[in-house]
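Have a look at the structure below before the remarks.
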Amino acid sequence: MSVTTAVGLAVVWPLIGVALVLLFRRWPNLREAGSLLTSGSLFALVAGVVLPFVQAGGRPRIDLVEILPGLELAFEVEPLGMLFALVASGLWIVTTVYSIGYMRGHNEENQTRFYACFALAIAGAVGVAFAANVFTLFVFYEAITLSTYPLVTHSGTEAAKRAGRVYLGILMGTSVAFLLLALVWTYWAVGTTDFRVGGILAGKVSHRELIILLALYVFGTGKAALMPFHRWLPAAMVAPTPVSALLHAVAVVKAGVFTVLKILVYVFGIDLLAATGASRWLTWVAAFTILAASIIALTKDNLKARLAYSTVSQLSYIVLGGALATSAGVLGGGMHIAMHAFGKITLFFCAGAILVGAHKTEISQMDGLGRRMPYTFGAFFIGSLSVIGLPPTGGSWSKWFLLLGAADAHQWTMMAVLMASSLLSIGYLMPVVARGFFRPPPVDDDHGDAEGHTPDHSAEGSGIHEAPLLCVLPPVFTAFGCIVLFFFADDVYRLLTGIVP
Amino acid sequence: MIDHLIEIVVDDLPALQIAVPLLAATLCIIARRRRTAWVIAMVVAWASFLNAMLILRRVMTEGTISYAEGGWRAPWGIELRIDSLNALVLLIVTGICAIVLTAAPRSLAQEVPRSKHYIVYAVYLLCMTGLAGMTVTGDAFNIFVFLEISSLSSYALISQGSTRRALSSAIQYLIMGTIGGTFILLGIGMIYMVTGTLNIVDMSNQLAAVGPNRAVLVALACIAVGTAIKLALFPLHIWLPNAYTYAPAVVTAFLAATATKVAYYVLLRFVFSVFGVDLAFGALRLDVVLMGLALLAMVAGSIVAIFQHDIKRMLAYSSVAQIGYMVLGLSLVSVAGLTGGIVHLFNHALMKSGLFLVMACVLLRTGSTRLEAFQGLGRRMPITMAAFVVAGLSLIGVPATVGFVSKWYLVTGAIESGHWPVAVVILVSSLLALIYIWRVVEVAYFRPAPEDAPEIGEAPLSLLGPTWLLVGATVFFGIFTSLSVGVASDAARMLLGMMP
Amino acid sequence: MFDWGLYNYWVVIFLMMAGLYVVISRSNLVKKIIGLNVFQVSVIMFYISMGKVRGGTAPIEAEGFEIYSNPLPHVLMLTAIVVGVATTALALSIVVRIHEAYDTIEEDEIRLLDEGDEP
């Protein structure tokens with residue numbers, strides 16, 4: 001098939017998944033097979049058909065429908081979007097496997113709705129990745145918000161409802177009040193909302209307007225979790241862990257920072273930003289978010305909450321990279337989309353495995369758990385290394401390029417911020433591993449947990465008592481992926497160099 | 001012979017738009033049987049809709065249609081004059097009339113005694129006659145006559161609600177509406193005094209020659225106030241919440257989508273076509289007044305909607321806010337702004353009638369329209385609630401729905417004229433809509449049905465079909481906008497005097 | 001200031017304001033309808049008085065007369081009177097039904113009863 005057809009097909013392909021899930025809702029195994037089949041074929045489509053074309057320099061474009069005069073729904077693939085689509089479709093497969101283990105191990109209800117909304121969210125993510133103009137991106141951005149709402153409020157409890165309100169309120173609120181305004185303003189000032197190499201705003205708006213417009217765009221992208229619009233992320237922790245893994249590695253947050261990067265590079269243009277310094281203030285906001293979120297993460301005992309704030313912090317790495325307005329910074333930010341995805345999804349997978357296998361959510365309860373769940377904690381360790389930015393994990397490369405970007409822009413303070421943040425992340429991630437492996441388990445740790453599940457005492461003693469296989473394999477796989485990315489970072493780098501002229 | 005007959009019919013289509021429903025109303029009364037009356041009404045309503053589609057197509061290809069009633073030529077005879085603006089309004093009015101009528105029998109049976117249904121259908125047709133007449137005519141006094149026809153019919157329809165509050169709401173609407181109509185009559189009289197003609201085109205030519213003298217300005221003010229009452233523009237909206245809440249569900253669905261829209265059309269016609277931009281906005285500064293009231297309507301209407309317990313009432317206050325959007329489009333006096341206002345006329349009619357038909361479904365199955373009736377409805381009536389969610393998303397302005405299209409043009413219009421705070425208010429009030437819509441969604445999907453709730457099933461197809469037709473249209477016209485936006489921007493350009 | 005020649009407009013204004021005042025200030029529904037009628041009559045008077053041409057005779061073609069009063073406003077007002085009659089009839093019939101349902105036709109009492117029905 002032609003590349004352009006593949007591009008359009010990739011966006012609607014997950015909808016087949018939705019149909020299969022709904023069709024086979026009474027036969028769980030068939031239903032899950034449907035999800036797996038769709039995710040696998042989507043990845044094959046994206047990696048097999050579209051990727052080679054883009055790597056060779058092509059930019060396939062498909063125009064769908066003109067909704068309003070001058071505003072079309074169109075898709076055009078460039079390296080950054082390619083990377084995001086690869087990450088999204090690839091990790092969907094892994095998350096589906098994990099979900100099967102988790103949802104069944106935890107005896108969750110409404111699994112059909114879960115898998116269907118998952119597929120919808122991925123369709124939204126691919127749509128965002130391949131969007132050819134800000135308008136298309138906005139449409140699919142909103143689609144992600146709406147399709148992930150049922151996932152966040154999955155359990156249907158009062159807490160879930162309240163979290164859903166914060167989630168929807170902040171994401172919808174920022175996107176309608178700020179992002180839409182920025183979109184209309186851009187269209188009115190420039191005449192188009194197309195993404196173009198070098199940006200479209202040069203010469204069209206004054207310096208002050210540039211700054212305001214940038215602010216509207218960046219704060220309008222609530223999914224990038226820039227403070228003060230970050231509260232939805234910790235609130236969304238009420239969702240089942242596969243959702244957190246998906247939200248915090250793949251669909252939602254990466255769509256957010258991807259949007260910010262794409263707008264910085266293709267609407268504003270790195271050269272314009274460097275020349276006018278219009279994004280200087282953004283580096284400070286990002287820096288504040290990085291440090292503040294890391295400090296808050298240190299105070300959290302709930303593992304998922306700690307990981308949530310870690311994500312808020314890590315997302316601002318990417319925003320910082322873009323805001324530095326240097327090619328190294330942008331490349332570092334783009335690489336971090338992939339590196340952080342793998343690292344964080346590993347960490348969340350582990351958190352869920354710990355919940356299903358040992359019924360624990362608080363870090364203080366996890367002493368000695370590493371000996372009972374070595375694979376899980378081992379994966380957690382490697383994922384932590386990637387998030388901290390240490391070799392031999394992929395995260396070290398993106399950290400390297402971000403530091404380089406800061407140096408290129410002569411922003412020594414930002415370099416210091418990045419280094420400090422690494423230290424802080426050691427502070428909030430390593431204790432989990434350390435406690436798990438080096439502390440003895442507490443005396444009475446078998447009195448159930450927050451969820452009220454009583455643990456299984458059948459494999460007592462010091463034996464290995466891991467989570468279900470399908471919950472352990474994915475984190476091990478993605479941890480392995482972190483290491484693989486260290487060695488293959490060059491390929492990622494080469495893919496992304498197409499962004500910066 | 002047949003060809004000749006068809007030719008005559010085709011030529012006279014605009015007049016038939018008025019004459020046929022009028023006669024059919026009489027037939028309904030004569031028929032006396034419920035089913036027969038409904039069939040007559042259905043045939044006529046759908047035929048009128050088809051007629052409106054043909055008229056629109058003719059206007060789009062040939063330009064403005066001018067039809068001399070009785071062969072008496074304008075400006076002495078009464079002229080029916082259809083251009084892109086009223087063709088669009090006619091389309092939506094007849095369309096909503098036909099679609100809502102399809103849902104009527106089951107829903108009316110719950111609220112109105114069966115022996116009276118044939119009268120309800122007859123009065124329904126009379127209302128449609130009045131609304132269609134107001135839309136197609138090119139004569140100012142004719143507008144008043146049809147206005148009164150439609151108003152009187154609507155007062156009668158509203159009074160058919162099942163509670164006694166329907167009566168008090170009807171009399172309140174009657175008093176306010178008659179004052180409004182009389183103000184319009186007064187304004188028309190003053191224009192007649194100054195220009196000596198009642199024909200709209202002739203009036204605008206004469207007024208351009210006369211210029212801004214006090215009689216003309218007072219006439220404009222009277223007409224503006226009169227239409228504002230019929231339009232339910234804040235603060236003259238007081239009749240609307242009660243009237244919409246206590247009328248029978250299908251009557252609300254019909255009136256919410258048509259009565260205020262036609263009043264908006266009348267305002268547009270008088271302000272732009274008769275008086276003209278210089279007079280209305282240069283001499284009288286109507287744009288400032290209307291913009292202020294529109295902004296207040298948008299914010300106040302949405303905020304009050306959030307606190308309502310009866311969801312029909314909530315949707316009524318939401319309508320007040322949406323009418324604010326339409327008037328805001330008018331007050332921006334630019335192509336983008338007017339396009340936004342006119343396209344919102346079309347879009348809001350679809351959204352609101354869809355939402356009120358959902359209310360009819362809920363009322364039919366649960367017996368109540370209060371928020372508590374929605375508990376657990378996500379599971380018990382999934383298709384109905386899905387319609388509510390989709391139409392609600394359109395009200396919020398999610399892209400790929402019609403609500404987004406209107407909002408786009410209004411925000412663009414606001415930015416173009418440099419009214420940045422207005423753009424912000426437009427966006428903020430959409431977020432308010434998010435709050436009151438989501439309130440219902442949360443109750444429907446997160447609260448289980450109360451234990452003593454009877455087993456209920458989905459709404460019947462006769463109600464669900466029209467509901468989903470309208471709700472589906474809100475998505476369809478949100479993606480394939482060429483019809484609504486194309487005609488609306490043509491109309492906007494014409495009103496601003498830009499087209500030849 | 002007070003031009004006796006324009007006395008017809010003063011009559012119109014007086015009737016209009018009186019009618020509106022009655023509608024607003026009286027709580028009895030029948031009185032409100034009467035006020036509404038007076039208000040409508042004022043506009044009817046306005047039209048009819050505007051039709052009179054100074055020195056004009058009745059608008060029937062006759063030998064020797066050249067100036068005729070304008071018949072059109074009279075025609076228009078025939079319609080308006082009919083509209084007024086229909087409105088009054090409808091209003092009164094609703095008031096009858098209200099009386100049956102509420103046992104009163106005082107607006108403030110009705111409002112109290114309404115609020116008692118349903119908050």
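In the structure tokens, each chain is lettered A, B, ... as it comes, each chain's residues begin at 1, and ligands are numbered from 1 in order of appearance.
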
Hey, list the chain B side of the contact with chain C: 8 Å cut-off, only C-alpha atoms, answer as an mmCIF file with all heavy atoms, in the first residue's frame.
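The new file selection.cif reads:
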data_model
loop_
_atom_site.group_PDB
_atom_site.id
_atom_site.type_symbol
_atom_site.label_atom_id
_atom_site.label_comp_id
_atom_site.auth_asym_id
_atom_site.auth_seq_id
_atom_site.Cartn_x
_atom_site.Cartn_y
_atom_site.Cartn_z
ATOM 1 N N PHE B 141 -45.293 44.239 7.885
ATOM 2 C CA PHE B 141 -46.491 43.998 8.667
ATOM 3 C C PHE B 141 -46.852 42.529 8.654
ATOM 4 O O PHE B 141 -47.360 41.975 9.615
ATOM 5 C CB PHE B 141 -47.653 44.836 8.137
ATOM 6 C CG PHE B 141 -48.819 44.840 9.061
ATOM 7 C CD1 PHE B 141 -48.813 45.643 10.185
ATOM 8 C CD2 PHE B 141 -49.926 44.029 8.833
ATOM 9 C CE1 PHE B 141 -49.889 45.649 11.057
ATOM 10 C CE2 PHE B 141 -51.002 44.028 9.690
ATOM 11 C CZ PHE B 141 -50.985 44.839 10.820
ATOM 12 N N VAL B 145 -47.949 39.885 11.615
ATOM 13 C CA VAL B 145 -49.119 39.000 11.611
ATOM 14 C C VAL B 145 -48.701 37.564 11.895
ATOM 15 O O VAL B 145 -49.252 36.880 12.753
ATOM 16 C CB VAL B 145 -49.849 39.080 10.248
ATOM 17 C CG1 VAL B 145 -50.922 38.031 10.156
ATOM 18 C CG2 VAL B 145 -50.421 40.463 10.050
ATOM 19 N N GLU B 148 -47.635 36.984 15.432
ATOM 20 C CA GLU B 148 -48.725 36.772 16.370
ATOM 21 C C GLU B 148 -49.348 35.398 16.198
ATOM 22 O O GLU B 148 -49.738 34.759 17.164
ATOM 23 C CB GLU B 148 -49.784 37.872 16.203
ATOM 24 C CG GLU B 148 -49.318 39.220 16.719
ATOM 25 C CD GLU B 148 -48.962 39.186 18.202
ATOM 26 O OE1 GLU B 148 -49.589 38.428 18.970
ATOM 27 O OE2 GLU B 148 -48.039 39.901 18.589
ATOM 28 N N LEU B 152 -49.366 33.047 19.416
ATOM 29 C CA LEU B 152 -50.594 32.575 20.034
ATOM 30 C C LEU B 152 -50.620 31.050 20.060
ATOM 31 O O LEU B 152 -50.999 30.436 21.067
ATOM 32 C CB LEU B 152 -51.811 33.125 19.278
ATOM 33 C CG LEU B 152 -52.086 34.613 19.497
ATOM 34 C CD1 LEU B 152 -53.160 35.100 18.551
ATOM 35 C CD2 LEU B 152 -52.515 34.857 20.935
ATOM 36 N N ALA B 156 -50.724 28.552 23.417
ATOM 37 C CA ALA B 156 -51.688 27.463 23.590
ATOM 38 C C ALA B 156 -50.979 26.132 23.797
ATOM 39 O O ALA B 156 -51.357 25.331 24.656
ATOM 40 C CB ALA B 156 -52.620 27.403 22.374
ATOM 41 N N SER B 159 -49.508 25.769 27.289
ATOM 42 C CA SER B 159 -50.480 25.574 28.357
ATOM 43 C C SER B 159 -50.956 24.140 28.452
ATOM 44 O O SER B 159 -51.669 23.787 29.382
ATOM 45 C CB SER B 159 -51.678 26.496 28.147
ATOM 46 O OG SER B 159 -52.383 26.093 26.990
ATOM 47 N N ARG B 164 -50.059 22.233 36.645
ATOM 48 C CA ARG B 164 -50.759 23.521 36.545
ATOM 49 C C ARG B 164 -49.793 24.664 36.304
ATOM 50 O O ARG B 164 -50.185 25.748 35.884
ATOM 51 C CB ARG B 164 -51.608 23.765 37.786
ATOM 52 C CG ARG B 164 -50.804 23.919 39.047
ATOM 53 C CD ARG B 164 -51.737 24.087 40.230
ATOM 54 N NE ARG B 164 -50.979 24.300 41.452
ATOM 55 C CZ ARG B 164 -51.537 24.522 42.625
ATOM 56 N NH1 ARG B 164 -52.851 24.552 42.730
ATOM 57 N NH2 ARG B 164 -50.792 24.707 43.691
ATOM 58 N N ARG B 165 -48.497 24.405 36.589
ATOM 59 C CA ARG B 165 -47.522 25.464 36.324
ATOM 60 C C ARG B 165 -47.435 25.775 34.843
ATOM 61 O O ARG B 165 -46.972 26.841 34.455
ATOM 62 C CB ARG B 165 -46.144 25.076 36.865
ATOM 63 C CG ARG B 165 -46.097 25.106 38.384
ATOM 64 C CD ARG B 165 -44.696 25.109 38.893
ATOM 65 N NE ARG B 165 -44.076 26.412 38.718
ATOM 66 C CZ ARG B 165 -42.984 26.801 39.349
ATOM 67 N NH1 ARG B 165 -42.398 25.996 40.200
ATOM 68 N NH2 ARG B 165 -42.461 27.976 39.126
ATOM 69 N N LEU B 167 -49.882 26.368 33.032
ATOM 70 C CA LEU B 167 -50.825 27.464 32.799
ATOM 71 C C LEU B 167 -50.221 28.794 33.213
ATOM 72 O O LEU B 167 -50.307 29.781 32.473
ATOM 73 C CB LEU B 167 -52.117 27.211 33.577
ATOM 74 C CG LEU B 167 -52.878 25.966 33.139
ATOM 75 C CD1 LEU B 167 -53.948 25.636 34.147
ATOM 76 C CD2 LEU B 167 -53.493 26.194 31.775
ATOM 77 N N SER B 168 -49.607 28.825 34.402
ATOM 78 C CA SER B 168 -49.047 30.104 34.829
ATOM 79 C C SER B 168 -47.885 30.507 33.933
ATOM 80 O O SER B 168 -47.687 31.691 33.646
ATOM 81 C CB SER B 168 -48.628 30.060 36.302
ATOM 82 O OG SER B 168 -47.749 28.997 36.531
ATOM 83 N N ALA B 170 -47.684 29.785 30.768
ATOM 84 C CA ALA B 170 -48.266 30.234 29.499
ATOM 85 C C ALA B 170 -48.770 31.657 29.609
ATOM 86 O O ALA B 170 -48.567 32.475 28.710
ATOM 87 C CB ALA B 170 -49.395 29.296 29.076
ATOM 88 N N ILE B 171 -49.416 31.994 30.714
ATOM 89 C CA ILE B 171 -49.971 33.342 30.812
ATOM 90 C C ILE B 171 -48.840 34.358 30.965
ATOM 91 O O ILE B 171 -48.904 35.457 30.414
ATOM 92 C CB ILE B 171 -51.003 33.441 31.959
ATOM 93 C CG1 ILE B 171 -51.868 34.682 31.788
ATOM 94 C CG2 ILE B 171 -50.373 33.490 33.319
ATOM 95 C CD1 ILE B 171 -52.943 34.521 30.804
ATOM 96 N N LEU B 174 -47.523 34.785 27.595
ATOM 97 C CA LEU B 174 -48.493 35.519 26.798
ATOM 98 C C LEU B 174 -48.363 37.015 27.033
ATOM 99 O O LEU B 174 -48.276 37.808 26.090
ATOM 100 C CB LEU B 174 -49.901 35.057 27.127
ATOM 101 C CG LEU B 174 -51.050 35.602 26.276
ATOM 102 C CD1 LEU B 174 -52.180 34.592 26.238
ATOM 103 C CD2 LEU B 174 -51.606 36.918 26.804
ATOM 104 N N ILE B 175 -48.329 37.390 28.302
ATOM 105 C CA ILE B 175 -48.285 38.823 28.607
ATOM 106 C C ILE B 175 -46.995 39.437 28.073
ATOM 107 O O ILE B 175 -47.018 40.451 27.375
ATOM 108 C CB ILE B 175 -48.435 39.038 30.125
ATOM 109 C CG1 ILE B 175 -49.837 38.615 30.537
ATOM 110 C CG2 ILE B 175 -48.169 40.479 30.488
ATOM 111 C CD1 ILE B 175 -50.078 38.658 32.020
ATOM 112 N N THR B 178 -46.911 39.358 24.172
ATOM 113 C CA THR B 178 -47.792 40.324 23.518
ATOM 114 C C THR B 178 -47.204 41.725 23.609
ATOM 115 O O THR B 178 -47.290 42.501 22.643
ATOM 116 C CB THR B 178 -49.178 40.299 24.170
ATOM 117 O OG1 THR B 178 -49.622 38.949 24.250
ATOM 118 C CG2 THR B 178 -50.170 41.103 23.357
ATOM 119 N N ILE B 179 -46.627 42.049 24.752
ATOM 120 C CA ILE B 179 -45.966 43.352 24.849
ATOM 121 C C ILE B 179 -44.878 43.452 23.789
ATOM 122 O O ILE B 179 -44.746 44.456 23.096
ATOM 123 C CB ILE B 179 -45.376 43.549 26.258
ATOM 124 C CG1 ILE B 179 -46.494 43.601 27.283
ATOM 125 C CG2 ILE B 179 -44.544 44.811 26.311
ATOM 126 C CD1 ILE B 179 -46.012 43.764 28.698
ATOM 127 N N THR B 182 -46.370 43.891 20.380
ATOM 128 C CA THR B 182 -46.946 45.213 20.199
ATOM 129 C C THR B 182 -45.851 46.262 19.994
ATOM 130 O O THR B 182 -46.028 47.204 19.211
ATOM 131 C CB THR B 182 -47.824 45.573 21.397
ATOM 132 O OG1 THR B 182 -48.634 44.454 21.716
ATOM 133 C CG2 THR B 182 -48.702 46.754 21.073
ATOM 134 N N LEU B 185 -44.967 46.070 16.491
ATOM 135 C CA LEU B 185 -45.997 46.738 15.696
ATOM 136 C C LEU B 185 -45.806 48.241 15.723
ATOM 137 O O LEU B 185 -45.919 48.932 14.687
ATOM 138 C CB LEU B 185 -47.377 46.362 16.242
ATOM 139 C CG LEU B 185 -48.575 46.938 15.495
ATOM 140 C CD1 LEU B 185 -48.587 46.433 14.064
ATOM 141 C CD2 LEU B 185 -49.859 46.563 16.200
ATOM 142 N N LEU B 186 -45.518 48.755 16.885
ATOM 143 C CA LEU B 186 -45.289 50.188 17.030
ATOM 144 C C LEU B 186 -44.122 50.645 16.168
ATOM 145 O O LEU B 186 -44.193 51.649 15.450
ATOM 146 C CB LEU B 186 -45.021 50.500 18.502
ATOM 147 C CG LEU B 186 -44.843 51.959 18.893
ATOM 148 C CD1 LEU B 186 -46.077 52.745 18.523
ATOM 149 C CD2 LEU B 186 -44.575 52.079 20.374
ATOM 150 N N GLY B 189 -45.044 50.693 12.615
ATOM 151 C CA GLY B 189 -45.883 51.858 12.339
ATOM 152 C C GLY B 189 -45.052 53.112 12.139
ATOM 153 O O GLY B 189 -45.308 53.909 11.227
ATOM 154 N N MET B 193 -44.752 55.439 8.877
ATOM 155 C CA MET B 193 -45.015 56.861 8.917
ATOM 156 C C MET B 193 -43.919 57.634 8.213
ATOM 157 O O MET B 193 -44.157 58.604 7.514
ATOM 158 C CB MET B 193 -45.077 57.298 10.379
ATOM 159 C CG MET B 193 -45.962 58.477 10.596
ATOM 160 S SD MET B 193 -46.293 58.698 12.323
ATOM 161 C CE MET B 193 -44.677 59.006 12.956
#

Margin query: Please return, as number ranges by chain, all residues of range 12-178 of chain A that DSSP assigns to strand (DSSP E) on the basis of the backbone.
Written below: A: 61-68, 71-76

Margin query: Just list as a PyMOL selection string whatever in chain C DSSP marks as alpha helix (DSSP H).
Written below: chain C and resi 7-25+29-51+72-102+107-117

Mind writing the picked residues with C-alpha atoms as an mmCIF file, in the first residue's frame?
data_model
loop_
_atom_site.group_PDB
_atom_site.id
_atom_site.type_symbol
_atom_site.label_atom_id
_atom_site.label_comp_id
_atom_site.auth_asym_id
_atom_site.auth_seq_id
_atom_site.Cartn_x
_atom_site.Cartn_y
_atom_site.Cartn_z
ATOM 1 C CA TYR C 7 -52.562 65.821 20.530
ATOM 2 C CA ASN C 8 -53.045 62.394 18.958
ATOM 3 C CA TYR C 9 -49.526 61.361 19.927
ATOM 4 C CA TRP C 10 -50.108 62.458 23.499
ATOM 5 C CA VAL C 11 -53.222 60.303 23.633
ATOM 6 C CA VAL C 12 -51.216 57.384 22.294
ATOM 7 C CA ILE C 13 -48.467 57.880 24.831
ATOM 8 C CA PHE C 14 -50.924 58.202 27.684
ATOM 9 C CA LEU C 15 -52.765 55.054 26.752
ATOM 10 C CA MET C 16 -49.537 53.156 26.187
ATOM 11 C CA MET C 17 -48.103 54.084 29.545
ATOM 12 C CA ALA C 18 -51.392 53.487 31.325
ATOM 13 C CA GLY C 19 -51.690 50.071 29.757
ATOM 14 C CA LEU C 20 -48.137 49.091 30.597
ATOM 15 C CA TYR C 21 -48.524 50.393 34.112
ATOM 16 C CA VAL C 22 -51.610 48.279 34.668
ATOM 17 C CA VAL C 23 -49.857 45.192 33.337
ATOM 18 C CA ILE C 24 -46.911 45.671 35.609
ATOM 19 C CA SER C 25 -48.557 46.895 38.774
ATOM 20 C CA LEU C 29 -54.672 38.450 35.882
ATOM 21 C CA VAL C 30 -57.860 39.861 34.360
ATOM 22 C CA LYS C 31 -56.681 43.358 35.127
ATOM 23 C CA LYS C 32 -53.367 42.573 33.501
ATOM 24 C CA ILE C 33 -55.202 41.474 30.392
ATOM 25 C CA ILE C 34 -57.183 44.688 30.422
ATOM 26 C CA GLY C 35 -53.931 46.606 30.667
ATOM 27 C CA LEU C 36 -52.553 44.633 27.771
ATOM 28 C CA ASN C 37 -55.605 45.549 25.754
ATOM 29 C CA VAL C 38 -55.219 49.220 26.550
ATOM 30 C CA PHE C 39 -51.588 48.993 25.484
ATOM 31 C CA GLN C 40 -52.565 47.380 22.199
ATOM 32 C CA VAL C 41 -55.307 49.961 21.669
ATOM 33 C CA SER C 42 -52.764 52.737 22.024
ATOM 34 C CA VAL C 43 -50.807 51.357 19.099
ATOM 35 C CA ILE C 44 -53.996 50.981 17.107
ATOM 36 C CA MET C 45 -54.761 54.608 17.804
ATOM 37 C CA PHE C 46 -51.275 55.494 16.668
ATOM 38 C CA TYR C 47 -51.713 53.867 13.297
ATOM 39 C CA ILE C 48 -55.164 55.217 12.683
ATOM 40 C CA SER C 49 -54.262 58.727 13.641
ATOM 41 C CA MET C 50 -51.278 58.613 11.331
ATOM 42 C CA GLY C 51 -53.557 57.707 8.468
ATOM 43 C CA LEU C 72 -53.984 51.368 4.609
ATOM 44 C CA PRO C 73 -53.483 51.900 8.358
ATOM 45 C CA HIS C 74 -57.140 51.157 8.901
ATOM 46 C CA VAL C 75 -56.750 47.898 7.059
ATOM 47 C CA LEU C 76 -53.659 47.023 9.027
ATOM 48 C CA MET C 77 -55.420 47.799 12.253
ATOM 49 C CA LEU C 78 -58.321 45.586 11.378
ATOM 50 C CA THR C 79 -55.798 42.801 11.443
ATOM 51 C CA ALA C 80 -54.294 44.095 14.648
ATOM 52 C CA ILE C 81 -57.699 44.287 16.309
ATOM 53 C CA VAL C 82 -58.372 40.702 15.335
ATOM 54 C CA VAL C 83 -55.018 39.736 16.769
ATOM 55 C CA GLY C 84 -55.924 41.601 19.939
ATOM 56 C CA VAL C 85 -59.238 39.817 20.175
ATOM 57 C CA ALA C 86 -57.623 36.443 19.672
ATOM 58 C CA THR C 87 -54.985 37.208 22.276
ATOM 59 C CA THR C 88 -57.596 38.336 24.775
ATOM 60 C CA ALA C 89 -59.718 35.273 24.137
ATOM 61 C CA LEU C 90 -56.776 32.953 24.585
ATOM 62 C CA ALA C 91 -55.614 34.806 27.665
ATOM 63 C CA LEU C 92 -59.018 34.711 29.289
ATOM 64 C CA SER C 93 -59.413 31.013 28.584
ATOM 65 C CA ILE C 94 -56.059 30.346 30.218
ATOM 66 C CA VAL C 95 -57.170 32.467 33.173
ATOM 67 C CA VAL C 96 -60.318 30.366 33.504
ATOM 68 C CA ARG C 97 -58.143 27.230 33.588
ATOM 69 C CA ILE C 98 -55.832 28.883 36.111
ATOM 70 C CA HIS C 99 -58.787 29.660 38.299
ATOM 71 C CA GLU C 100 -59.839 26.030 38.148
ATOM 72 C CA ALA C 101 -56.367 24.830 38.996
ATOM 73 C CA TYR C 102 -55.231 27.391 41.539
ATOM 74 C CA GLU C 107 -50.444 36.566 40.370
ATOM 75 C CA ASP C 108 -48.632 36.822 43.705
ATOM 76 C CA GLU C 109 -50.782 34.088 45.220
ATOM 77 C CA ILE C 110 -50.177 31.925 42.186
ATOM 78 C CA ARG C 111 -46.449 32.423 42.544
ATOM 79 C CA LEU C 112 -46.589 31.382 46.184
ATOM 80 C CA LEU C 113 -48.539 28.274 45.279
ATOM 81 C CA ASP C 114 -46.088 27.523 42.492
ATOM 82 C CA GLU C 115 -43.130 27.738 44.791
ATOM 83 C CA GLY C 116 -44.913 25.451 47.182
ATOM 84 C CA ASP C 117 -45.482 22.927 44.412
#

Checklist line | Which residue of A:Thr96, A:Gln55, A:Val184, A:Phe75 approaches chain B most closely, using only C-alpha atoms | finding: A:Val184

So that each row is one residue of chain B with an atom at most 7 Å from chain A, can you give its shortest atom pair and the distance in Å to one decimal, using only C-alpha atoms, rows by chain and rising number, as JSON lines?
{"residue": "B:Pro399", "atom": "CA", "partner": "A:Val139", "partner_atom": "CA", "distance": 5.5}
{"residue": "B:Thr412", "atom": "CA", "partner": "A:Val184", "partner_atom": "CA", "distance": 6.2}
{"residue": "B:Val424", "atom": "CA", "partner": "A:Ala177", "partner_atom": "CA", "distance": 6.9}
{"residue": "B:Leu427", "atom": "CA", "partner": "A:Ala177", "partner_atom": "CA", "distance": 5.4}
{"residue": "B:Val428", "atom": "CA", "partner": "A:Ala177", "partner_atom": "CA", "distance": 6.2}
{"residue": "B:Leu431", "atom": "CA", "partner": "A:Gly173", "partner_atom": "CA", "distance": 6.3}
{"residue": "B:Phe446", "atom": "CA", "partner": "A:Gly156", "partner_atom": "CA", "distance": 5.8}
{"residue": "B:Ile479", "atom": "CA", "partner": "A:Ile67", "partner_atom": "CA", "distance": 5.3}
{"residue": "B:Phe480", "atom": "CA", "partner": "A:Ile67", "partner_atom": "CA", "distance": 6.0}
{"residue": "B:Thr481", "atom": "CA", "partner": "A:Ile67", "partner_atom": "CA", "distance": 5.9}

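The space separating CA of Leu355 in chain B from CA of Ser154 in chain B comes to 19.5 Å.
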
Next item on the list: Please provide as a VMD selection string all residues within 12 Å of Gly222 in chain A, with the sequence filter that same-chain residues fewer than 2 positions apart are discarded (counting only C-alpha atoms).
Entry: chain A and resid 141 to 142 145 166 to 179 215 to 220 224 to 233 252 to 260 312 315

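The residue that comes closest to Leu267 in chain B, out of B:Leu495, B:Arg214, B:Leu157, B:Met60 and on the basis of only C-alpha atoms, is B:Leu495.
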
Margin query: With only C-alpha atoms as the counted atoms, please give the residues lying no more than 8 Å from Cys97 in chain B, apart from itself and same-chain residues fewer than 6 positions off, as an NGL selection string.
Written below: :B and (45 or 128 or 254)

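The gap separating CA of Ile426 in chain A from CA of Thr289 in chain A is 17.2 Å, in Å to one decimal.
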
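Of note, CA of Gly341 in chain B and CA of Pro466 in chain B are spaced 25.4 Å apart.
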